Amino acid sequence: MITLDFVYILAGWTFALFALLGLYDRTNPKRFGNAAFWGLLALSMLGGDYLTDFQNGLLVLALVAIAGTGQIGRAPGGDVSAEVQAERAARHGNFLLLVALIIPAVALAGTFLFKYVPGLADPKQATLISLAIGVLIALGVGMARFKPPLLLPAQQGRRLLDAVGWAAILPQMLASLGAVFALAGVGEVVGTLIGGAIPQGSLFGAVLAFGLGMAFFTMVMGNAFAAFPVMMAAVGLPLLIKQYHGDPAVVAAIGMLAGFCGTLMTPMAANFNLVPAALLELKSPYGVIKAQIGTAVPLLAANIMFIWLLAF
Amino acid sequence: MLVLIGIVIIIAGFVLRFNPLLVIMASALATGLAAGLDVTAIVAAFGKAFNDTRYVSIVWIVLPVIGLLEAYGLQQHARSLIDRMKGATLGRLLASYLLLRQVMAAIGLTSVAGHPQTVRPLVAPMAEAAAEAKNDALTDDQREEVKAFAAATDNVGLFFGEDIFLAIGSILLMKGLLETYGYSIEPLHLSLWAIPTAITAFLIHGVRLRRLEKRMQGREAGA
């Protein structure tokens, strides 16, 4: 049966190849830092389960030390010229699109296949496993049709990842920080503070505090999942559900969506907000957040109104 | 109260623009120490969490395919497709992608699209081409805004579609938490209440996409 380990091994060897190619890129003055950074990430993917928790922690400290002291960077140049790209685009046309769509199509088909035909792959990880299989198929089809130099996909992939840089592991780092926050009981403290700030006897005041609290705490934690149990314990359950007899399904479902409005407005949700800015090579790392605020604020107001109108 | 030092460090670190990886590590250490943990325990807790969340970083395996296709002209081809479609305006293009992303997420297909898989190779270049079709002299700032909106549209579509699906993580979290409080609620009941917000999100973001399209056309008039 295919498990997530298969995907980790694939990712591990991909990062290892990026590290090796980075090491031999003499045009990059930071090639040793790059090689060490992606090499350590390869080690984490391939061997993380064989290391102790403390050894994994040291690995993270090394990653932070390399990136935090500015030891990684991208080499200039290496782009395929626009003329060559345009000429190739005219030659291959819709076949390019077809290969690009293999990845989502296989992810889609595999998700259903692995859910309904048990024993092939871990059904809980069906989409991630299918995504990896889609990558392999797309790569095979692309190599067969375009016949590029053998290492071209890895070289170009490495250059894209170098453009993203240390932001590539920011989402994983923030998820890990969330675990330390949970261990230290940060959520309970924040919940008590917000719970104490609500005016007594006002239903709308309580709904407002719940909605704004979900959005604000999500912005701080970068994740509505972390904010949800805290705000439910502090405001949702004792006030909205118990005291004012609100419908628990409405309070929970729309409260979570109020949190998602916060996700649109925070650099802490790095994988949604900062990583795409790097991937699209925007000048401002906050460009995506700026584009989202105009949707997030009115939608947050709408969610607060929905809880007030639909739950009571 | 003292454990909130970690949140203060995070906010200050982002505002002062220190390297976020350093800020996160400092925040974790300070929070752990404030909670009475020793340094080895904090490092081990962080290491365990990092290892448990590796699936977050595996999306980068798509990059060799994207790099290969871009070297062979995928972005140019995506642009030329838009040039040939007369009705494909910037607003309509992104609104269609928003709807598609919401519907896909609503049936549980959250990872089939995303920033590396679809936005960078397809949606962003198509959006640029659609904006250029109406205004052949886009400024750099306008180009930035169009690309940023392509990414924003993916996020809005994902966030306000996925909760309609029964078996998504957030629905299971809500069900689990409500159960610990003694409320037994069917996932379907929770996911139905995500629909009003999903429709509102489409309307609000759709209006903003139309206004973006107008703004991108109006350069000569405005300048």
# chains A, B, ... in the order shown; residues from 1 in each chain; ligands from 1

$ select_by_dssp --residues "range 99-167 of chain A" --states "helix (DSSP H, G or I)" --output "MDAnalysis selection string"
chainID A and resid 99:116 123:146 152:167

$ residues_around --residues "range 16-28 of chain A" --least-positions-apart "6" --cutoff "8 Å" --atoms "only C-alpha atoms" --output "ChimeraX atom specification"
/A:34-39,42-43,73-76,154-155,157-158

$ residues_around --residues "Gly287 in chain A" --least-positions-apart "6" --cutoff "8 Å" --atoms "only C-alpha atoms" --output "count of residues only"
4

$ residues_around --residues "range 31-45 of chain B" --least-positions-apart "3" --cutoff "7 Å" --atoms "only C-alpha atoms" --output "PyMOL selection string"
(chain A and resi 53-54+57+180-181+184) or (chain B and resi 2-3+5-6+27-28+48-49)

$ write_last_selection --atoms "C-alpha atoms" --output "short mmCIF file (atom, residue, chain, number, x, y, z; two decimals), in the first residue's frame"
data_model
loop_
_atom_site.label_atom_id
_atom_site.label_comp_id
_atom_site.auth_asym_id
_atom_site.auth_seq_id
_atom_site.Cartn_x
_atom_site.Cartn_y
_atom_site.Cartn_z
CA ASP A 53 12.78 14.73 18.52
CA PHE A 54 15.82 16.60 19.84
CA GLY A 57 15.03 20.18 16.67
CA VAL A 180 4.81 25.02 21.07
CA PHE A 181 2.09 27.65 21.75
CA ALA A 184 2.60 26.49 26.73
CA LEU B 2 3.95 35.71 30.59
CA VAL B 3 3.47 33.13 27.81
CA ILE B 5 5.64 37.15 25.17
CA GLY B 6 5.80 34.87 22.12
CA SER B 27 9.16 33.26 19.85
CA ALA B 28 9.13 29.51 20.44
CA LYS B 48 8.80 16.76 16.78
CA ALA B 49 6.23 19.24 15.45
#

$ residues_around --residues "Pro171 in chain A" --least-positions-apart "5" --cutoff "9 Å" --atoms "only C-alpha atoms" --output "ChimeraX atom specification"
/A:176,268-272,275 /B:56-57

$ write_last_selection --atoms "C-alpha atoms" --output "mmCIF file, in the first residue's frame"
data_model
loop_
_atom_site.group_PDB
_atom_site.id
_atom_site.type_symbol
_atom_site.label_atom_id
_atom_site.label_comp_id
_atom_site.auth_asym_id
_atom_site.auth_seq_id
_atom_site.Cartn_x
_atom_site.Cartn_y
_atom_site.Cartn_z
ATOM 1 C CA SER A 176 5.493 23.925 14.507
ATOM 2 C CA MET A 268 1.506 34.589 9.555
ATOM 3 C CA ALA A 269 -0.515 32.542 7.045
ATOM 4 C CA ALA A 270 2.670 32.349 5.004
ATOM 5 C CA ASN A 271 1.722 29.571 2.609
ATOM 6 C CA PHE A 272 -1.335 31.486 1.384
ATOM 7 C CA VAL A 275 4.778 32.221 -0.529
ATOM 8 C CA VAL B 56 3.104 21.039 4.480
ATOM 9 C CA SER B 57 6.334 21.352 2.458
#

$ residues_around --residues "Glu281 in chain A" --least-positions-apart "4" --cutoff "12 Å" --atoms "only C-alpha atoms" --output "PyMOL selection string"
(chain A and resi 160-165+274-277+285-288) or (chain B and resi 120+124+143-145+147-148+151)

$ atom_distance --atom1 "CA of Ala253 in chain A" --atom2 "CA of Trp193 in chain B"
6.1 Å

$ closest_residue --among "A:Leu108, A:Val80, A:Met45, A:Met1" --to "Thr110 in chain B" --atoms "only C-alpha atoms"
A:Leu108

$ residues_around --residues "Phe6 in chain A" --least-positions-apart "4" --cutoff "12 Å" --atoms "only C-alpha atoms" --output "list in words"
Met1, Ile2, Leu10, Ala11, Gly12, Trp13, Met45, Leu46, Ala121, Asp122, Gln125, Ala126, Leu128, Ile129, Ser130, Leu131, Ala132 and Ile133 of chain A; Tyr55 and Ile58 of chain B

$ closest_residue --among "B:Ser184, B:Asp141, B:Phe14, B:Leu68" --to "chain A" --atoms "only C-alpha atoms"
B:Leu68

$ decode --residues "range 92-109 of chain A" --atoms "N, CA and C atoms" --output "compact mmCIF listing (two decimals), in the first residue's frame"
# COMPACT_ATOMS: atom_id res chain seq x y z
N HIS A 92 4.71 23.65 -29.50
CA HIS A 92 4.06 22.62 -28.69
C HIS A 92 2.62 22.94 -28.34
N GLY A 93 2.27 24.22 -28.37
CA GLY A 93 0.88 24.65 -28.21
C GLY A 93 0.15 23.99 -27.06
N ASN A 94 -1.01 23.43 -27.38
CA ASN A 94 -1.88 22.91 -26.33
C ASN A 94 -1.31 21.70 -25.59
N PHE A 95 -0.27 21.08 -26.16
CA PHE A 95 0.33 19.95 -25.46
C PHE A 95 0.89 20.40 -24.11
N LEU A 96 1.41 21.63 -24.05
CA LEU A 96 1.93 22.19 -22.79
C LEU A 96 0.83 22.24 -21.74
N LEU A 97 -0.33 22.71 -22.20
CA LEU A 97 -1.47 22.83 -21.30
C LEU A 97 -1.90 21.45 -20.80
N LEU A 98 -1.88 20.51 -21.73
CA LEU A 98 -2.27 19.14 -21.41
C LEU A 98 -1.38 18.57 -20.30
N VAL A 99 -0.06 18.76 -20.43
CA VAL A 99 0.86 18.24 -19.42
C VAL A 99 0.62 18.96 -18.08
N ALA A 100 0.39 20.28 -18.16
CA ALA A 100 0.14 21.04 -16.93
C ALA A 100 -1.11 20.52 -16.22
N LEU A 101 -2.10 20.10 -16.99
CA LEU A 101 -3.36 19.66 -16.38
C LEU A 101 -3.31 18.19 -15.92
N ILE A 102 -2.22 17.48 -16.28
CA ILE A 102 -2.10 16.10 -15.80
C ILE A 102 -2.07 16.07 -14.27
N ILE A 103 -1.34 17.03 -13.68
CA ILE A 103 -1.19 17.00 -12.21
C ILE A 103 -2.54 17.12 -11.50
N PRO A 104 -3.33 18.20 -11.78
CA PRO A 104 -4.65 18.24 -11.12
C PRO A 104 -5.57 17.09 -11.52
N ALA A 105 -5.48 16.64 -12.78
CA ALA A 105 -6.38 15.57 -13.21
C ALA A 105 -6.07 14.27 -12.48
N VAL A 106 -4.78 13.93 -12.33
CA VAL A 106 -4.42 12.71 -11.61
C VAL A 106 -4.75 12.85 -10.13
N ALA A 107 -4.53 14.06 -9.57
CA ALA A 107 -4.87 14.29 -8.17
C ALA A 107 -6.36 14.04 -7.95
N LEU A 108 -7.17 14.50 -8.90
CA LEU A 108 -8.62 14.32 -8.83
C LEU A 108 -9.00 12.85 -8.94
N ALA A 109 -8.48 12.19 -10.00
CA ALA A 109 -8.84 10.79 -10.24
C ALA A 109 -8.35 9.90 -9.10
